[in-house]
Structures are given as C-alpha cells and as structure tokens.
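**Q** Below are the structure tokens for one structure; questions will follow.
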Amino acid sequence: KAGVTQTPRYLIKTRGQQVTLSCSPISGHRSVSWYQQTPGQGLQFLFEYFSETQRNKGNFPGRFSGRQFSNSRSEMNVSTLELGDSALYLCASSSNTGTGSYEQYFGPGTRLTVT
Amino acid sequence: GNSVTQMEGPVTLSEEAFLTINCTYTATGYPSLFWYVQYPGEGLQLLLKATKADDKGSNKGFEATYRKETTSFHLEKGSVQVSDSAVYFCALSLKGGKLIFGQGTELSVKP
C-alpha cells in the first residue's frame with residue numbers, strides 16, 4: 001500500500017497571504033489528523049477529520065482550518081499568515097473508525113516558511 | 001491535563017551501547033502509548049505501541065513496557081547502531097485521532 005502523501009513538500013509564503021496544504025491518506029483509512037511541528041513548541045495537534053467531519057480540534061486560532069473530501073483526502077488552510085506559522089505540517093492517517101485509540105501513520109510533511 | 005514528559009537530549013552513545021530513553025505520562029483515563037521515530041528531513045514513523053497496562057511493545061530490537069503503576073513507557077534497546085541516530089518521540093492517545101507528544105529526545109550514535 002502507498003503511504004500518506006503530502007503536497008507540496010516545501011512552500012514559501014509572505015506574511016498576510018494564505019496557504020492550502022494537501023494530504024492523501026493510506027488507502028482505506030478514513031481518519032486524517034494534522035499536526036504542527038516547530039522547534040519551540042514541538043508537535044502540536046491541530047485537528048482530526050473522519051468521514052468529512054471534524055472530530056477533534058486542538059488549541060489553534062480560527063485562521064487554521066481544514067476539510068475532508070468524500071475520498072478521505074484532506075486539506076488544511078492557514079489564512080493571514082504570520083511569521084510564527086513557519087513550521088513543518090504533518091498529516092497522519094489511521095484506520096480508526098470509532099473512539100478507540102489507533103496508531104497513526106505519518107506523511108513526510110510540508111515545510112512552510114513565512115517571510 | 002494530559003501530557004507526556006521525556007528525558008532531555010541530546011543523548012550520545014557509542015555503537016553497541018545500551019539505550020534507555022525515559023518517558024512518563026499524565027492522563028485522565030487509560031491511554032494507548034506509542035513511540036515514534038523521526039529521521040532527518042522525514043515525517044514520523046511508528047516504532048512500537050502498547051494499548052494496556054503491562055503490554056510490551058517491540059520492534060527492530062526496541063522495547064517498551066506500559067507501566068501503569070509508575071505511569072511510564074521507557075524505550076530500551078540492547079545494542080544501538082549508527083543507523084538508530086534520530087529523534088524519538090513518546091506519545092499518548094486517549095481517543096480518536098489526537099496524539100499528545102513529548103518534546104522528543106535526539107539520539108546520536110557514534111561508530
């Protein structure tokens with residue numbers, strides 16, 4: 001099976017712009033989660049989508065949003081970019097269909113640089 | 001709240017040395033516990049997991065035992081290799097697709 005894929009791998013944006021990142025989960029996985037990784041804050045959970053619905057949400061401002069399509073592919077959007085949004089954004093998918101804990105499989109990430 | 005604490009790095013070892021990376025957690029409920037590894041420039045790879053007390057996860061020579069009494073999930077390997085150099089993350093999950101990570105421990109193995 002192909003792994004989790006993320007596009008683009010690298011992105012440079014300017015403050016105030018918006019950006020959309022894409023994630024394709026492992027075939028058959030319906031849960032997709034997003035994380036932000038920075039040197040200062042480490043790995044932080046952004047949100048999780050399951051069957052096109054947001055199921056969990058982390059503690060990030062409303063500028064961070066996401067969605068999931070019927071084929072389980074997911075996108076996240078960051079509006080009005082700030083310098084502090086520079087980070088590695090990781091997507092993970094899992095076969096989790098309920099409220100139990102399942103292992104997540106991560107993509108290679110999108111490295112976003114805001115200048 | 002729920003949290004994970006890992007020993008600070010970097011940890012530098014010689015090849016074939018014994019490795020322990022400490023991980024303790026705080027959780028309301030009964031979490032599943034995971035170790036992930038991140039190689040430079042890559043995403044996270046699941047190394048091992050344990051879903052209930054006294055479970056032992058193992059993979060590629062690495063082991064960790066879920067200790068409910070000490071709320072710990074320490075990672076061990078008997079003989080490290082240069083190729084094990086990476087950043088290791090301990091994580092917990094209580095439900096759904098939310099993982100809570102420790103701060104990561106960088107391991108450097110010298111030949």
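So you can find residues: chains in the structure tokens are A, B, ... in the order shown, residues in each start at 1, and ligands are numbered from 1 in order.
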Based on only C-alpha atoms, which of the residues in chain A come within 8 Å of chain B? I want them as a list in words.
**A**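 Taken together, these residues fit the definition: Ser31, Val32, Ser33, Gly42, Leu43, Gln44, Phe45, Phe47, Glu48, Arg55, Asn56, Leu90, Ser94, Asn96, Gly98, Thr99, Gly100, Ser101, Tyr102, Glu103, Gln104, Tyr105, Phe106, Gly107, Pro108 and Gly109 of chain A.
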**Q** So which residues of chain B fall under strand (DSSP E or B) by DSSP, listed as a PDB file with C-alpha atoms, in the first residue's frame?
**A**
```
ATOM      1  CA  SER B   3       0.793  15.276  28.978  1.00  0.00           C
ATOM      2  CA  VAL B   4       3.974  13.371  28.169  1.00  0.00           C
ATOM      3  CA  THR B   5       7.435  14.084  29.571  1.00  0.00           C
ATOM      4  CA  GLN B   6      10.612  12.693  28.033  1.00  0.00           C
ATOM      5  CA  VAL B  11      21.828  11.533  24.084  1.00  0.00           C
ATOM      6  CA  THR B  12      25.170  10.452  22.653  1.00  0.00           C
ATOM      7  CA  LEU B  13      26.168   6.786  22.724  1.00  0.00           C
ATOM      8  CA  SER B  14      28.820   4.588  21.191  1.00  0.00           C
ATOM      9  CA  LEU B  19      19.896   2.675  25.254  1.00  0.00           C
ATOM     10  CA  THR B  20      17.206   3.900  27.627  1.00  0.00           C
ATOM     11  CA  ILE B  21      15.006   6.906  26.896  1.00  0.00           C
ATOM     12  CA  CYS B  23       9.057   8.638  29.198  1.00  0.00           C
ATOM     13  CA  THR B  24       6.379   9.345  31.788  1.00  0.00           C
ATOM     14  CA  TYR B  25       2.822  10.434  31.216  1.00  0.00           C
ATOM     15  CA  THR B  26      -0.149  12.045  32.916  1.00  0.00           C
ATOM     16  CA  SER B  32      -2.626   3.932  24.484  1.00  0.00           C
ATOM     17  CA  LEU B  33       1.107   4.660  24.351  1.00  0.00           C
ATOM     18  CA  PHE B  34       3.403   4.961  21.366  1.00  0.00           C
ATOM     19  CA  TRP B  35       6.992   5.566  20.391  1.00  0.00           C
ATOM     20  CA  TYR B  36       7.646   7.311  17.097  1.00  0.00           C
ATOM     21  CA  VAL B  37      10.992   7.977  15.408  1.00  0.00           C
ATOM     22  CA  GLN B  38      11.878  10.848  13.096  1.00  0.00           C
ATOM     23  CA  LEU B  44       7.351  10.318  11.922  1.00  0.00           C
ATOM     24  CA  GLN B  45       7.491   6.544  11.786  1.00  0.00           C
ATOM     25  CA  LEU B  46       5.647   4.388  14.288  1.00  0.00           C
ATOM     26  CA  LEU B  47       8.230   2.361  16.193  1.00  0.00           C
ATOM     27  CA  LEU B  48       6.057   0.479  18.700  1.00  0.00           C
ATOM     28  CA  LYS B  49       2.891   0.703  20.724  1.00  0.00           C
ATOM     29  CA  ALA B  50       1.114  -0.656  23.811  1.00  0.00           C
ATOM     30  CA  LYS B  56       5.195  -4.782  25.945  1.00  0.00           C
ATOM     31  CA  GLY B  57       5.657  -3.226  22.521  1.00  0.00           C
ATOM     32  CA  SER B  58       8.659  -4.277  20.475  1.00  0.00           C
ATOM     33  CA  ASN B  59      10.098  -3.652  17.020  1.00  0.00           C
ATOM     34  CA  PHE B  62      13.479  -1.687  20.599  1.00  0.00           C
ATOM     35  CA  GLU B  63      11.161  -2.467  23.512  1.00  0.00           C
ATOM     36  CA  ALA B  64       8.922  -0.531  25.890  1.00  0.00           C
ATOM     37  CA  THR B  65       6.594  -1.760  28.640  1.00  0.00           C
ATOM     38  CA  ARG B  67       3.767   0.554  33.442  1.00  0.00           C
ATOM     39  CA  SER B  72       5.922   5.200  32.407  1.00  0.00           C
ATOM     40  CA  LEU B  75      12.206   2.917  25.459  1.00  0.00           C
ATOM     41  CA  GLU B  76      15.116   0.443  25.534  1.00  0.00           C
ATOM     42  CA  LYS B  77      17.454  -1.203  23.075  1.00  0.00           C
ATOM     43  CA  ALA B  86      17.275  10.036  15.066  1.00  0.00           C
ATOM     44  CA  VAL B  87      14.789  11.901  17.242  1.00  0.00           C
ATOM     45  CA  TYR B  88      12.477   9.713  19.319  1.00  0.00           C
ATOM     46  CA  PHE B  89       9.027  10.823  20.457  1.00  0.00           C
ATOM     47  CA  CYS B  90       6.856   9.272  23.120  1.00  0.00           C
ATOM     48  CA  ALA B  91       3.120   9.868  22.675  1.00  0.00           C
ATOM     49  CA  LEU B  92      -0.225   9.014  24.181  1.00  0.00           C
ATOM     50  CA  SER B  93      -3.710   8.783  22.773  1.00  0.00           C
ATOM     51  CA  GLY B  96      -9.754   9.204  18.298  1.00  0.00           C
ATOM     52  CA  ILE B 100      -0.134  14.091  22.601  1.00  0.00           C
ATOM     53  CA  PHE B 101       3.635  14.075  22.183  1.00  0.00           C
ATOM     54  CA  THR B 105      14.832  13.065  22.502  1.00  0.00           C
ATOM     55  CA  GLU B 106      17.645  13.309  19.998  1.00  0.00           C
ATOM     56  CA  LEU B 107      19.875  10.249  19.858  1.00  0.00           C
ATOM     57  CA  SER B 108      23.307  10.317  18.281  1.00  0.00           C
ATOM     58  CA  VAL B 109      25.235   7.049  17.945  1.00  0.00           C
ATOM     59  CA  LYS B 110      28.964   7.269  17.201  1.00  0.00           C
TER      60      LYS B 110
END
```
**Q** Find the distance between atom CA of Ser74 of chain A and atom CA of Cys23 of chain A and write it in Å to one decimal.
**A**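 One can read the atom CA of Ser74 of chain A to atom CA of Cys23 of chain A distance as 5.2 Å.
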**Q** Using only C-alpha atoms, which residues sit within 8 Å of Leu11 of chain A once same-chain residues fewer than 5 positions away are excluded, as a PDB file with N, CA, C and O atoms, in the first residue's frame?
**A**
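In the end it all went to around-v7.pdb:
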```
ATOM      1  N   THR A 110       4.880  18.960   5.089  1.00  0.00           N
ATOM      2  CA  THR A 110       5.068  20.132   4.242  1.00  0.00           C
ATOM      3  C   THR A 110       5.815  21.169   5.068  1.00  0.00           C
ATOM      4  O   THR A 110       5.358  21.557   6.141  1.00  0.00           O
ATOM      5  N   ARG A 111       6.953  21.583   4.561  1.00  0.00           N
ATOM      6  CA  ARG A 111       7.747  22.612   5.258  1.00  0.00           C
ATOM      7  C   ARG A 111       7.290  23.978   4.762  1.00  0.00           C
ATOM      8  O   ARG A 111       7.504  24.325   3.610  1.00  0.00           O
ATOM      9  N   LEU A 112       6.628  24.737   5.637  1.00  0.00           N
ATOM     10  CA  LEU A 112       6.137  26.076   5.302  1.00  0.00           C
ATOM     11  C   LEU A 112       7.060  27.122   5.918  1.00  0.00           C
ATOM     12  O   LEU A 112       7.330  27.095   7.122  1.00  0.00           O
ATOM     13  N   THR A 113       7.527  28.016   5.079  1.00  0.00           N
ATOM     14  CA  THR A 113       8.329  29.149   5.544  1.00  0.00           C
ATOM     15  C   THR A 113       7.572  30.427   5.228  1.00  0.00           C
ATOM     16  O   THR A 113       7.179  30.654   4.079  1.00  0.00           O
TER      17      THR A 113
END
```
**Q** For a test of reading the model, state the distance in Å between atom CA of Gly62 of chain A and atom CA of Thr20 of chain A, rounded to one decimal.
**A** 14.5 Å
